[in-house]
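Everything below belongs to run.cif, which stores mmCIF, C-alpha atoms and all ligand atoms.
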data_query
#
loop_
_atom_site.group_PDB
_atom_site.id
_atom_site.type_symbol
_atom_site.label_atom_id
_atom_site.label_comp_id
_atom_site.auth_asym_id
_atom_site.auth_seq_id
_atom_site.Cartn_x
_atom_site.Cartn_y
_atom_site.Cartn_z
ATOM 1 C CA MET A 248 -137.966 -19.752 218.952
ATOM 2 C CA VAL A 249 -140.876 -18.863 221.227
ATOM 3 C CA HIS A 250 -142.062 -20.889 224.188
ATOM 4 C CA ALA A 251 -145.703 -20.451 225.146
ATOM 5 C CA LYS A 252 -146.973 -21.160 228.614
ATOM 6 C CA SER A 253 -150.539 -22.376 228.646
ATOM 7 C CA TRP A 254 -152.927 -23.331 231.402
ATOM 8 C CA THR A 255 -154.542 -26.635 230.562
ATOM 9 C CA LEU A 256 -157.524 -28.416 232.044
ATOM 10 C CA LYS A 257 -155.906 -31.134 234.142
ATOM 11 C CA LYS A 258 -159.205 -32.630 235.207
ATOM 12 C CA HIS A 259 -162.843 -31.702 234.738
ATOM 13 C CA PHE A 260 -163.947 -29.696 237.742
ATOM 14 C CA VAL A 261 -167.031 -30.320 239.792
ATOM 15 C CA GLY A 262 -168.710 -27.177 241.113
ATOM 16 C CA LEU A 263 -166.266 -24.345 241.534
ATOM 17 C CA PRO A 264 -162.904 -24.841 239.814
ATOM 18 C CA THR A 265 -159.759 -24.951 241.960
ATOM 19 C CA ASN A 266 -156.087 -24.431 241.126
ATOM 20 C CA SER A 267 -155.457 -28.167 241.156
ATOM 21 C CA ASP A 268 -157.847 -28.585 238.197
ATOM 22 C CA PHE A 269 -155.328 -26.785 235.983
ATOM 23 C CA GLU A 270 -151.758 -27.401 234.922
ATOM 24 C CA LEU A 271 -149.268 -24.950 233.467
ATOM 25 C CA LYS A 272 -147.503 -26.394 230.418
ATOM 26 C CA LYS A 273 -144.754 -25.059 228.221
ATOM 27 C CA VAL A 274 -144.842 -25.611 224.462
ATOM 28 C CA GLU A 275 -142.520 -24.541 221.701
ATOM 29 C CA LEU A 276 -144.284 -22.645 218.919
ATOM 30 C CA PRO A 277 -143.334 -23.248 215.255
ATOM 31 C CA PRO A 278 -142.010 -20.419 213.051
ATOM 32 C CA LEU A 279 -144.685 -18.194 211.467
ATOM 33 C CA LYS A 280 -146.054 -19.056 208.043
ATOM 34 C CA ASP A 281 -147.176 -16.405 205.557
ATOM 35 C CA GLY A 282 -150.424 -14.795 206.734
ATOM 36 C CA GLU A 283 -149.812 -15.585 210.395
ATOM 37 C CA VAL A 284 -149.084 -13.434 213.437
ATOM 38 C CA LEU A 285 -147.515 -14.188 216.800
ATOM 39 C CA LEU A 286 -149.562 -12.891 219.730
ATOM 40 C CA GLU A 287 -148.414 -12.095 223.242
ATOM 41 C CA ALA A 288 -151.236 -12.060 225.776
ATOM 42 C CA LEU A 289 -151.770 -8.958 227.895
ATOM 43 C CA TYR A 290 -155.033 -9.941 229.635
ATOM 44 C CA PHE A 291 -157.080 -13.133 229.856
ATOM 45 C CA THR A 292 -160.763 -13.260 230.631
ATOM 46 C CA VAL A 293 -162.453 -15.653 233.055
ATOM 47 C CA ASP A 294 -166.188 -15.835 232.374
ATOM 48 C CA PRO A 295 -169.066 -17.923 233.747
ATOM 49 C CA TYR A 296 -169.694 -19.566 230.362
ATOM 50 C CA MET A 297 -166.316 -21.305 230.675
ATOM 51 C CA ARG A 298 -167.692 -23.611 233.350
ATOM 52 C CA ILE A 299 -170.042 -25.022 230.725
ATOM 53 C CA MET A 300 -167.658 -24.864 227.773
ATOM 54 C CA ALA A 301 -164.907 -26.566 229.748
ATOM 55 C CA LYS A 302 -167.077 -29.690 229.828
ATOM 56 C CA SER A 303 -166.546 -30.045 226.085
ATOM 57 C CA LEU A 304 -162.751 -29.964 226.472
ATOM 58 C CA LYS A 305 -160.676 -33.087 226.888
ATOM 59 C CA GLU A 306 -158.501 -33.292 229.974
ATOM 60 C CA GLY A 307 -155.119 -31.910 228.929
ATOM 61 C CA ASP A 308 -156.614 -29.353 226.494
ATOM 62 C CA MET A 309 -155.798 -25.692 226.914
ATOM 63 C CA MET A 310 -158.533 -23.601 228.561
ATOM 64 C CA MET A 311 -160.494 -21.626 226.008
ATOM 65 C CA GLY A 312 -161.334 -17.935 226.265
ATOM 66 C CA GLU A 313 -160.669 -14.498 224.886
ATOM 67 C CA GLN A 314 -157.589 -12.432 225.581
ATOM 68 C CA VAL A 315 -156.287 -8.982 224.784
ATOM 69 C CA ALA A 316 -152.999 -9.504 222.995
ATOM 70 C CA ARG A 317 -150.252 -7.598 221.212
ATOM 71 C CA VAL A 318 -148.950 -8.683 217.808
ATOM 72 C CA VAL A 319 -145.229 -9.201 218.443
ATOM 73 C CA GLU A 320 -144.310 -10.653 215.032
ATOM 74 C CA SER A 321 -146.290 -10.467 211.828
ATOM 75 C CA LYS A 322 -146.466 -12.064 208.411
ATOM 76 C CA ASN A 323 -149.944 -10.640 207.872
ATOM 77 C CA SER A 324 -150.137 -7.065 206.560
ATOM 78 C CA ALA A 325 -153.584 -6.547 208.107
ATOM 79 C CA PHE A 326 -152.054 -6.936 211.601
ATOM 80 C CA PRO A 327 -148.664 -5.227 211.765
ATOM 81 C CA THR A 328 -146.391 -5.685 214.782
ATOM 82 C CA GLY A 329 -147.714 -3.673 217.713
ATOM 83 C CA THR A 330 -151.406 -4.057 216.802
ATOM 84 C CA ILE A 331 -153.575 -4.720 219.858
ATOM 85 C CA VAL A 332 -156.300 -7.280 219.285
ATOM 86 C CA VAL A 333 -158.946 -9.330 221.046
ATOM 87 C CA ALA A 334 -158.225 -12.965 220.224
ATOM 88 C CA PRO A 335 -159.918 -16.277 221.064
ATOM 89 C CA SER A 336 -156.511 -17.717 221.975
ATOM 90 C CA GLY A 337 -157.344 -19.253 225.336
ATOM 91 C CA TRP A 338 -155.177 -19.156 228.436
ATOM 92 C CA ALA A 339 -151.824 -19.004 226.656
ATOM 93 C CA THR A 340 -149.066 -16.450 226.993
ATOM 94 C CA HIS A 341 -148.218 -16.730 223.290
ATOM 95 C CA SER A 342 -150.170 -18.044 220.324
ATOM 96 C CA ILE A 343 -150.182 -18.056 216.548
ATOM 97 C CA SER A 344 -153.171 -16.812 214.548
ATOM 98 C CA ASP A 345 -153.982 -16.564 210.849
ATOM 99 C CA GLY A 346 -155.809 -13.315 211.651
ATOM 100 C CA GLU A 347 -159.269 -14.618 210.807
ATOM 101 C CA LYS A 348 -160.794 -14.413 214.282
ATOM 102 C CA LEU A 349 -158.849 -11.384 215.490
ATOM 103 C CA GLU A 350 -160.586 -8.112 216.307
ATOM 104 C CA LYS A 351 -158.519 -4.962 216.522
ATOM 105 C CA VAL A 352 -159.201 -2.738 219.494
ATOM 106 C CA LEU A 353 -160.030 0.842 218.564
ATOM 107 C CA ALA A 354 -156.986 2.604 217.124
ATOM 108 C CA GLU A 355 -157.934 5.697 219.143
ATOM 109 C CA TRP A 356 -158.110 3.770 222.455
ATOM 110 C CA PRO A 357 -157.378 6.375 225.191
ATOM 111 C CA ASP A 358 -154.104 5.879 227.101
ATOM 112 C CA THR A 359 -155.974 6.546 230.318
ATOM 113 C CA LEU A 360 -158.202 3.468 229.972
ATOM 114 C CA PRO A 361 -156.915 -0.041 230.700
ATOM 115 C CA LEU A 362 -156.957 -2.372 227.703
ATOM 116 C CA SER A 363 -158.615 -5.006 229.895
ATOM 117 C CA LEU A 364 -161.870 -3.106 229.298
ATOM 118 C CA ALA A 365 -161.871 -4.682 225.819
ATOM 119 C CA LEU A 366 -162.778 -7.914 227.619
ATOM 120 C CA GLY A 367 -165.260 -6.248 229.964
ATOM 121 C CA THR A 368 -167.304 -3.091 229.583
ATOM 122 C CA VAL A 369 -166.220 -2.573 225.958
ATOM 123 C CA GLY A 370 -166.178 -6.300 225.221
ATOM 124 C CA MET A 371 -168.619 -9.184 225.364
ATOM 125 C CA PRO A 372 -170.161 -8.365 228.789
ATOM 126 C CA GLY A 373 -170.687 -4.715 227.781
ATOM 127 C CA LEU A 374 -172.218 -5.673 224.429
ATOM 128 C CA THR A 375 -174.474 -8.195 226.164
ATOM 129 C CA ALA A 376 -175.603 -5.475 228.542
ATOM 130 C CA TYR A 377 -176.100 -2.806 225.885
ATOM 131 C CA PHE A 378 -177.961 -4.832 223.266
ATOM 132 C CA GLY A 379 -179.913 -6.798 225.848
ATOM 133 C CA LEU A 380 -181.146 -3.624 227.467
ATOM 134 C CA PHE A 381 -181.926 -1.632 224.339
ATOM 135 C CA ASP A 382 -182.558 -4.161 221.544
ATOM 136 C CA ILE A 383 -184.213 -6.945 223.551
ATOM 137 C CA CYS A 384 -185.850 -5.088 226.435
ATOM 138 C CA GLY A 385 -186.400 -1.976 224.329
ATOM 139 C CA VAL A 386 -185.723 0.330 227.284
ATOM 140 C CA LYS A 387 -186.230 3.922 226.188
ATOM 141 C CA GLY A 388 -185.500 5.801 229.400
ATOM 142 C CA GLY A 389 -187.634 6.802 232.355
ATOM 143 C CA GLU A 390 -188.589 3.217 233.256
ATOM 144 C CA THR A 391 -187.414 1.134 236.208
ATOM 145 C CA VAL A 392 -184.895 -1.642 235.572
ATOM 146 C CA LEU A 393 -184.359 -4.458 238.073
ATOM 147 C CA VAL A 394 -180.978 -6.115 237.658
ATOM 148 C CA SER A 395 -179.980 -9.409 239.286
ATOM 149 C CA VAL A 396 -176.281 -10.348 239.576
ATOM 150 C CA ALA A 397 -176.048 -6.556 239.548
ATOM 151 C CA ALA A 398 -172.422 -6.372 240.733
ATOM 152 C CA GLY A 399 -171.273 -8.807 238.031
ATOM 153 C CA ALA A 400 -169.576 -8.034 234.739
ATOM 154 C CA VAL A 401 -172.831 -7.783 232.777
ATOM 155 C CA GLY A 402 -175.190 -6.566 235.494
ATOM 156 C CA SER A 403 -172.993 -3.678 236.589
ATOM 157 C CA VAL A 404 -172.944 -2.344 233.023
ATOM 158 C CA VAL A 405 -176.701 -2.864 232.605
ATOM 159 C CA GLY A 406 -177.306 -0.761 235.705
ATOM 160 C CA GLN A 407 -174.926 1.999 234.741
ATOM 161 C CA ILE A 408 -176.147 2.432 231.166
ATOM 162 C CA ALA A 409 -179.762 2.260 232.350
ATOM 163 C CA LYS A 410 -178.937 5.128 234.730
ATOM 164 C CA LEU A 411 -177.328 7.072 231.878
ATOM 165 C CA LYS A 412 -180.573 6.547 229.954
ATOM 166 C CA GLY A 413 -182.521 8.131 232.802
ATOM 167 C CA CYS A 414 -183.990 4.962 234.310
ATOM 168 C CA LYS A 415 -184.464 4.110 237.960
ATOM 169 C CA VAL A 416 -182.268 1.141 238.702
ATOM 170 C CA VAL A 417 -182.712 -1.527 241.356
ATOM 171 C CA GLY A 418 -179.936 -4.107 241.823
ATOM 172 C CA THR A 419 -179.692 -7.349 243.775
ATOM 173 C CA ALA A 420 -176.351 -8.842 244.814
ATOM 174 C CA GLY A 421 -174.948 -11.382 247.242
ATOM 175 C CA SER A 422 -173.029 -9.321 249.823
ATOM 176 C CA ASP A 423 -173.215 -6.033 251.717
ATOM 177 C CA GLU A 424 -169.934 -5.001 250.126
ATOM 178 C CA LYS A 425 -171.457 -5.439 246.665
ATOM 179 C CA VAL A 426 -174.567 -3.554 247.743
ATOM 180 C CA ALA A 427 -172.398 -0.631 248.900
ATOM 181 C CA TRP A 428 -170.524 -0.759 245.584
ATOM 182 C CA LEU A 429 -173.803 -0.660 243.634
ATOM 183 C CA LYS A 430 -174.980 2.375 245.581
ATOM 184 C CA LYS A 431 -171.645 4.082 244.959
ATOM 185 C CA HIS A 432 -172.138 3.483 241.243
ATOM 186 C CA GLY A 433 -175.541 5.093 241.108
ATOM 187 C CA PHE A 434 -178.052 2.280 241.660
ATOM 188 C CA ASP A 435 -181.158 3.859 243.210
ATOM 189 C CA VAL A 436 -181.921 0.775 245.292
ATOM 190 C CA ALA A 437 -179.575 -2.127 246.076
ATOM 191 C CA ILE A 438 -180.539 -5.275 247.952
ATOM 192 C CA ASN A 439 -178.481 -8.100 249.449
ATOM 193 C CA TYR A 440 -180.685 -11.019 248.427
ATOM 194 C CA LYS A 441 -178.848 -13.347 250.836
ATOM 195 C CA THR A 442 -179.662 -11.435 253.995
ATOM 196 C CA VAL A 443 -183.155 -10.094 253.329
ATOM 197 C CA LYS A 444 -185.790 -12.116 255.143
ATOM 198 C CA SER A 445 -188.073 -11.968 252.125
ATOM 199 C CA LEU A 446 -187.059 -10.824 248.693
ATOM 200 C CA GLU A 447 -190.671 -10.070 247.953
ATOM 201 C CA GLU A 448 -190.855 -7.744 250.969
ATOM 202 C CA ALA A 449 -187.536 -6.138 250.107
ATOM 203 C CA LEU A 450 -188.786 -5.424 246.622
ATOM 204 C CA LYS A 451 -191.771 -3.601 248.074
ATOM 205 C CA HIS A 452 -189.913 -0.337 247.926
ATOM 206 C CA PRO A 453 -191.679 2.518 249.722
ATOM 207 C CA ASP A 454 -191.780 4.296 246.410
ATOM 208 C CA GLU A 455 -194.315 2.007 244.728
ATOM 209 C CA GLU A 456 -194.148 4.204 241.655
ATOM 210 C CA ILE A 457 -190.755 2.662 241.033
ATOM 211 C CA TRP A 458 -192.410 -0.533 239.753
ATOM 212 C CA LYS A 459 -194.490 1.079 237.063
ATOM 213 C CA ASN A 460 -193.242 -0.051 233.663
ATOM 214 C CA CYS A 461 -190.558 -2.108 235.352
ATOM 215 C CA TYR A 462 -188.128 -3.985 233.148
ATOM 216 C CA MET A 463 -186.536 -7.022 234.707
ATOM 217 C CA TRP A 464 -183.136 -8.279 233.906
ATOM 218 C CA GLY A 465 -181.488 -11.619 234.487
ATOM 219 C CA HIS A 466 -182.246 -15.141 235.577
ATOM 220 C CA LEU A 467 -183.604 -14.189 238.987
ATOM 221 C CA CYS A 468 -186.209 -12.048 237.276
ATOM 222 C CA ILE A 469 -187.207 -14.760 234.852
ATOM 223 C CA GLN A 470 -187.998 -16.945 237.843
ATOM 224 C CA GLN A 471 -189.901 -14.118 239.456
ATOM 225 C CA ASN A 472 -192.030 -13.643 236.402
ATOM 226 C CA ARG A 473 -193.257 -17.215 236.228
ATOM 227 C CA PRO A 474 -197.015 -17.713 236.731
ATOM 228 C CA THR A 475 -196.517 -18.071 240.493
ATOM 229 C CA SER A 476 -194.603 -14.815 240.577
ATOM 230 C CA PRO A 477 -195.464 -12.764 243.625
ATOM 231 C CA ARG A 478 -195.040 -9.551 241.736
ATOM 232 C CA PRO A 479 -195.868 -9.657 238.042
ATOM 233 C CA THR A 480 -195.334 -6.185 236.689
ATOM 234 C CA PRO A 481 -196.972 -4.474 233.763
ATOM 235 C CA GLY A 482 -194.457 -3.763 231.045
ATOM 236 C CA SER A 483 -191.969 -6.247 232.440
ATOM 237 C CA HIS A 484 -189.736 -7.968 229.951
ATOM 238 C CA HIS A 485 -187.943 -11.291 230.233
ATOM 239 C CA LEU A 486 -184.418 -12.183 229.161
HETATM 240 N N1 LIG H 1 -170.042 -12.065 230.410
HETATM 241 C C1 LIG H 1 -170.732 -12.102 229.283
HETATM 242 O O1 LIG H 1 -170.336 -11.546 228.266
HETATM 243 C C2 LIG H 1 -172.041 -12.821 229.220
HETATM 244 C C3 LIG H 1 -172.683 -12.910 228.004
HETATM 245 C C4 LIG H 1 -173.925 -13.541 227.930
HETATM 246 C C5 LIG H 1 -174.475 -14.082 229.083
HETATM 247 N N2 LIG H 1 -173.802 -14.003 230.263
HETATM 248 C C6 LIG H 1 -174.426 -14.610 231.438
HETATM 249 O O2 LIG H 1 -174.803 -13.568 232.352
HETATM 250 C C7 LIG H 1 -174.664 -14.049 233.700
HETATM 251 C C8 LIG H 1 -173.737 -13.146 234.470
HETATM 252 O O3 LIG H 1 -172.491 -13.118 233.805
HETATM 253 P P1 LIG H 1 -171.324 -12.157 234.314
HETATM 254 O O4 LIG H 1 -170.220 -12.259 233.295
HETATM 255 O O5 LIG H 1 -171.883 -10.823 234.647
HETATM 256 O O6 LIG H 1 -170.924 -12.897 235.652
HETATM 257 P P2 LIG H 1 -169.831 -12.541 236.798
HETATM 258 O O7 LIG H 1 -169.378 -11.128 236.712
HETATM 259 O O8 LIG H 1 -168.802 -13.607 236.809
HETATM 260 O O9 LIG H 1 -170.734 -12.674 238.076
HETATM 261 C C9 LIG H 1 -170.982 -13.902 238.678
HETATM 262 C C10 LIG H 1 -171.866 -13.645 239.881
HETATM 263 O O10 LIG H 1 -172.982 -14.518 239.837
HETATM 264 C C11 LIG H 1 -173.508 -14.621 241.141
HETATM 265 N N3 LIG H 1 -173.840 -16.009 241.411
HETATM 266 C C12 LIG H 1 -175.081 -16.438 241.738
HETATM 267 N N4 LIG H 1 -175.083 -17.748 241.931
HETATM 268 C C13 LIG H 1 -173.830 -18.195 241.708
HETATM 269 C C14 LIG H 1 -173.210 -19.468 241.768
HETATM 270 N N5 LIG H 1 -173.890 -20.577 242.076
HETATM 271 N N6 LIG H 1 -171.888 -19.570 241.485
HETATM 272 C C15 LIG H 1 -171.185 -18.457 241.145
HETATM 273 N N7 LIG H 1 -171.722 -17.210 241.066
HETATM 274 C C16 LIG H 1 -173.034 -17.089 241.367
HETATM 275 C C17 LIG H 1 -172.434 -14.078 242.096
HETATM 276 O O11 LIG H 1 -172.869 -12.768 242.448
HETATM 277 P P3 LIG H 1 -173.708 -12.512 243.778
HETATM 278 O O12 LIG H 1 -172.744 -12.722 244.918
HETATM 279 O O13 LIG H 1 -174.167 -11.110 243.656
HETATM 280 O O14 LIG H 1 -174.825 -13.517 243.769
HETATM 281 C C18 LIG H 1 -171.203 -13.952 241.201
HETATM 282 O O15 LIG H 1 -170.322 -12.940 241.622
HETATM 283 C C19 LIG H 1 -174.116 -15.490 233.601
HETATM 284 O O16 LIG H 1 -175.218 -16.367 233.674
HETATM 285 C C20 LIG H 1 -173.479 -15.521 232.209
HETATM 286 O O17 LIG H 1 -173.416 -16.818 231.677
HETATM 287 C C21 LIG H 1 -172.620 -13.371 230.363
#
Could you render the structure as structure tokens?
Amino acid sequence: MVHAKSWTLKKHFVGLPTNSDFELKKVELPPLKDGEVLLEALYFTVDPYMRIMAKSLKEGDMMMGEQVARVVESKNSAFPTGTIVVAPSGWATHSISDGEKLEKVLAEWPDTLPLSLALGTVGMPGLTAYFGLFDICGVKGGETVLVSVAAGAVGSVVGQIAKLKGCKVVGTAGSDEKVAWLKKHGFDVAINYKTVKSLEEALKHPDEEIWKNCYMWGHLCIQQNRPTSPRPTPGSHHL
């Protein structure tokens, strides 16, 4: 008999969630049926989209979300015991799945890399960054990419893969600590948008060449590219 602990939405939160909005509950899981697996969570993810999705939950429901989990018991030959998967099992220590929505992590996952990356750089945020940059923006290399929320899960990957592609990368973030982190990770220019007197002035980098064929990334840039934009750039692309 397995007891799962799950974090449930005690009450809908207003603004930023706090601990008191959640309640830890214990439930007893039923025995596995044929085709099912028992999962033990290794890592949960906490993503911005949850603030919106949580509105569709009823108070008392378990919080949704992906997790990296290990199959600890199996009645499904496609997922033998020990398989590591990404599962949409929410914030629960243990859960039962019929295997349909499970994704195996790469069998050749290097021991030196934490499995949590399957929820980050190698997971949804990384895929968002990669396909957004290459498939939607069509960045080929050699251009300039401006990334807002640059120290976040998606933005930090956008900046790093743009650098690998040979782009110049400018990032904006909300603290000096984040700006230092961006510089350490190869951003050519990093700006604390909260402390600059004028974002427009800050974006007037001495190297004006940097803005030629500039690709802009993120919600901040969408706002900047509206008709009243102070700095519309040729070749810019919206997301
Ligand atoms: N994660 C994904 O897979 C994914 C997929 C598709 C779309 N998105 C979207 O991409 C955006 C960034 O996602 P992410 O996963 O990279 O986010 P994240 O790592 O959680 O970063 C959130 C950052 O947003 C900034 N921020 C600005 N205004 C904020 C506010 N009012 N409240 C809280 N944070 C605020 C803060 O950075 P500063 O201090 O630097 O301002 C904060 O650290 C979100 O809009 C998300 O919905 C994400």
- Taking the file as shown, find all residues satisfying the PyMOL selection byres (((not hetatm)) within 9 of (chain H and resi 1)) and write them as a PyMOL selection string. chain A and resi 262-263+293-297+299+366-367+370-376+395-404+419-422+425-426+439-441+465-466
- Tell me which of A:Pro327, A:Pro335, A:Gly389, A:Gly307 sits closest to Leu349 (chain A), counting only C-alpha atoms.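 For Leu349 (chain A), the nearest of the given residues is A:Pro335.
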- Query: Can you list, as a ChimeraX atom specification, every protein, DNA or RNA residue that comes within 6 Å of Gly388 (chain A) when you count all atoms listed in the file, leaving out same-chain residues fewer than 3 positions away?
  - Reply: /A:412-414
Determine, using all atoms listed in the file, which residues of region 311-386 of chain A have any atom at most 7 Å from an atom of region 283-286 of chain A, and tabulate each with its shortest atom pair and distance in Å to one decimal place, rows ordered by chain and then rising number, as a tab-separated table.
residue	atom	partner	partner_atom	distance
A:Ala316	CA	A:Leu286	CA	5.8
A:Arg317	CA	A:Leu286	CA	5.5
A:Val318	CA	A:Leu286	CA	4.7
A:Val319	CA	A:Leu285	CA	5.7
A:Glu320	CA	A:Leu285	CA	5.1
A:Ser321	CA	A:Val284	CA	4.4
A:Lys322	CA	A:Glu283	CA	5.2
A:Asn323	CA	A:Glu283	CA	5.6
A:His341	CA	A:Leu286	CA	5.4
A:Ser342	CA	A:Leu286	CA	5.2
A:Ile343	CA	A:Leu285	CA	4.7
A:Ser344	CA	A:Val284	CA	5.4
A:Asp345	CA	A:Glu283	CA	4.3
A:Gly346	CA	A:Glu283	CA	6.5
- Query: Exactly which residues make up the result of the PyMOL selection byres (((chain A and resi 268) around 8) and not hetatm) on this file, given as a PyMOL selection string?
  - Reply: chain A and resi 256-260+264-267+269-270
- Message: If we count all atoms listed in the file and set the cut-off at 6 Å, which residues sit around Val333 (chain A), ignoring sequence neighbours fewer than 2 positions away in its own chain? Please answer as a list in words.
- Response: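 My list of contacting residues is Gln314, Val315, Leu349 and Glu350 of chain A.
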Kindly save the residues from that selection, with C-alpha atoms included, as a CSV table (one decimal), keeping the file's coordinate frame.
chain,number,residue,atom,x,y,z
A,314,GLN,CA,-157.6,-12.4,225.6
A,315,VAL,CA,-156.3,-9.0,224.8
A,349,LEU,CA,-158.8,-11.4,215.5
A,350,GLU,CA,-160.6,-8.1,216.3
Taking the structure in the block just given, could you write region 343-354 of chain A with N, CA and C atoms, as a PDB file, in the first residue's frame?
ATOM      1  N   ILE A 343      -0.201   7.277 -10.070  1.00  0.00           N
ATOM      2  CA  ILE A 343      -0.384   6.130 -10.962  1.00  0.00           C
ATOM      3  C   ILE A 343      -0.671   6.653 -12.359  1.00  0.00           C
ATOM      4  N   SER A 344      -0.034   6.020 -13.364  1.00  0.00           N
ATOM      5  CA  SER A 344      -0.246   6.446 -14.751  1.00  0.00           C
ATOM      6  C   SER A 344      -0.490   5.211 -15.615  1.00  0.00           C
ATOM      7  N   ASP A 345      -1.310   5.422 -16.681  1.00  0.00           N
ATOM      8  CA  ASP A 345      -1.480   4.327 -17.647  1.00  0.00           C
ATOM      9  C   ASP A 345      -0.407   4.388 -18.737  1.00  0.00           C
ATOM     10  N   GLY A 346       0.523   5.304 -18.606  1.00  0.00           N
ATOM     11  CA  GLY A 346       1.663   5.386 -19.528  1.00  0.00           C
ATOM     12  C   GLY A 346       1.418   6.298 -20.713  1.00  0.00           C
ATOM     13  N   GLU A 347       0.168   6.675 -20.935  1.00  0.00           N
ATOM     14  CA  GLU A 347      -0.153   7.410 -22.172  1.00  0.00           C
ATOM     15  C   GLU A 347       0.562   8.758 -22.275  1.00  0.00           C
ATOM     16  N   LYS A 348       0.625   9.491 -21.176  1.00  0.00           N
ATOM     17  CA  LYS A 348       1.216  10.840 -21.271  1.00  0.00           C
ATOM     18  C   LYS A 348       2.644  10.886 -20.716  1.00  0.00           C
ATOM     19  N   LEU A 349       3.262   9.712 -20.593  1.00  0.00           N
ATOM     20  CA  LEU A 349       4.631   9.701 -20.064  1.00  0.00           C
ATOM     21  C   LEU A 349       5.631   9.860 -21.196  1.00  0.00           C
ATOM     22  N   GLU A 350       6.705  10.603 -20.912  1.00  0.00           N
ATOM     23  CA  GLU A 350       7.809  10.705 -21.876  1.00  0.00           C
ATOM     24  C   GLU A 350       9.061  10.220 -21.183  1.00  0.00           C
ATOM     25  N   LYS A 351       9.722   9.250 -21.816  1.00  0.00           N
ATOM     26  CA  LYS A 351      10.971   8.757 -21.214  1.00  0.00           C
ATOM     27  C   LYS A 351      12.069   9.797 -21.404  1.00  0.00           C
ATOM     28  N   VAL A 352      12.907   9.960 -20.387  1.00  0.00           N
ATOM     29  CA  VAL A 352      14.084  10.808 -20.628  1.00  0.00           C
ATOM     30  C   VAL A 352      15.076   9.957 -21.414  1.00  0.00           C
ATOM     31  N   LEU A 353      16.012  10.618 -22.074  1.00  0.00           N
ATOM     32  CA  LEU A 353      16.965   9.902 -22.918  1.00  0.00           C
ATOM     33  C   LEU A 353      17.635   8.771 -22.148  1.00  0.00           C
ATOM     34  N   ALA A 354      17.689   7.594 -22.773  1.00  0.00           N
ATOM     35  CA  ALA A 354      18.308   6.442 -22.096  1.00  0.00           C
ATOM     36  C   ALA A 354      19.777   6.736 -21.811  1.00  0.00           C
TER      37      ALA A 354
END
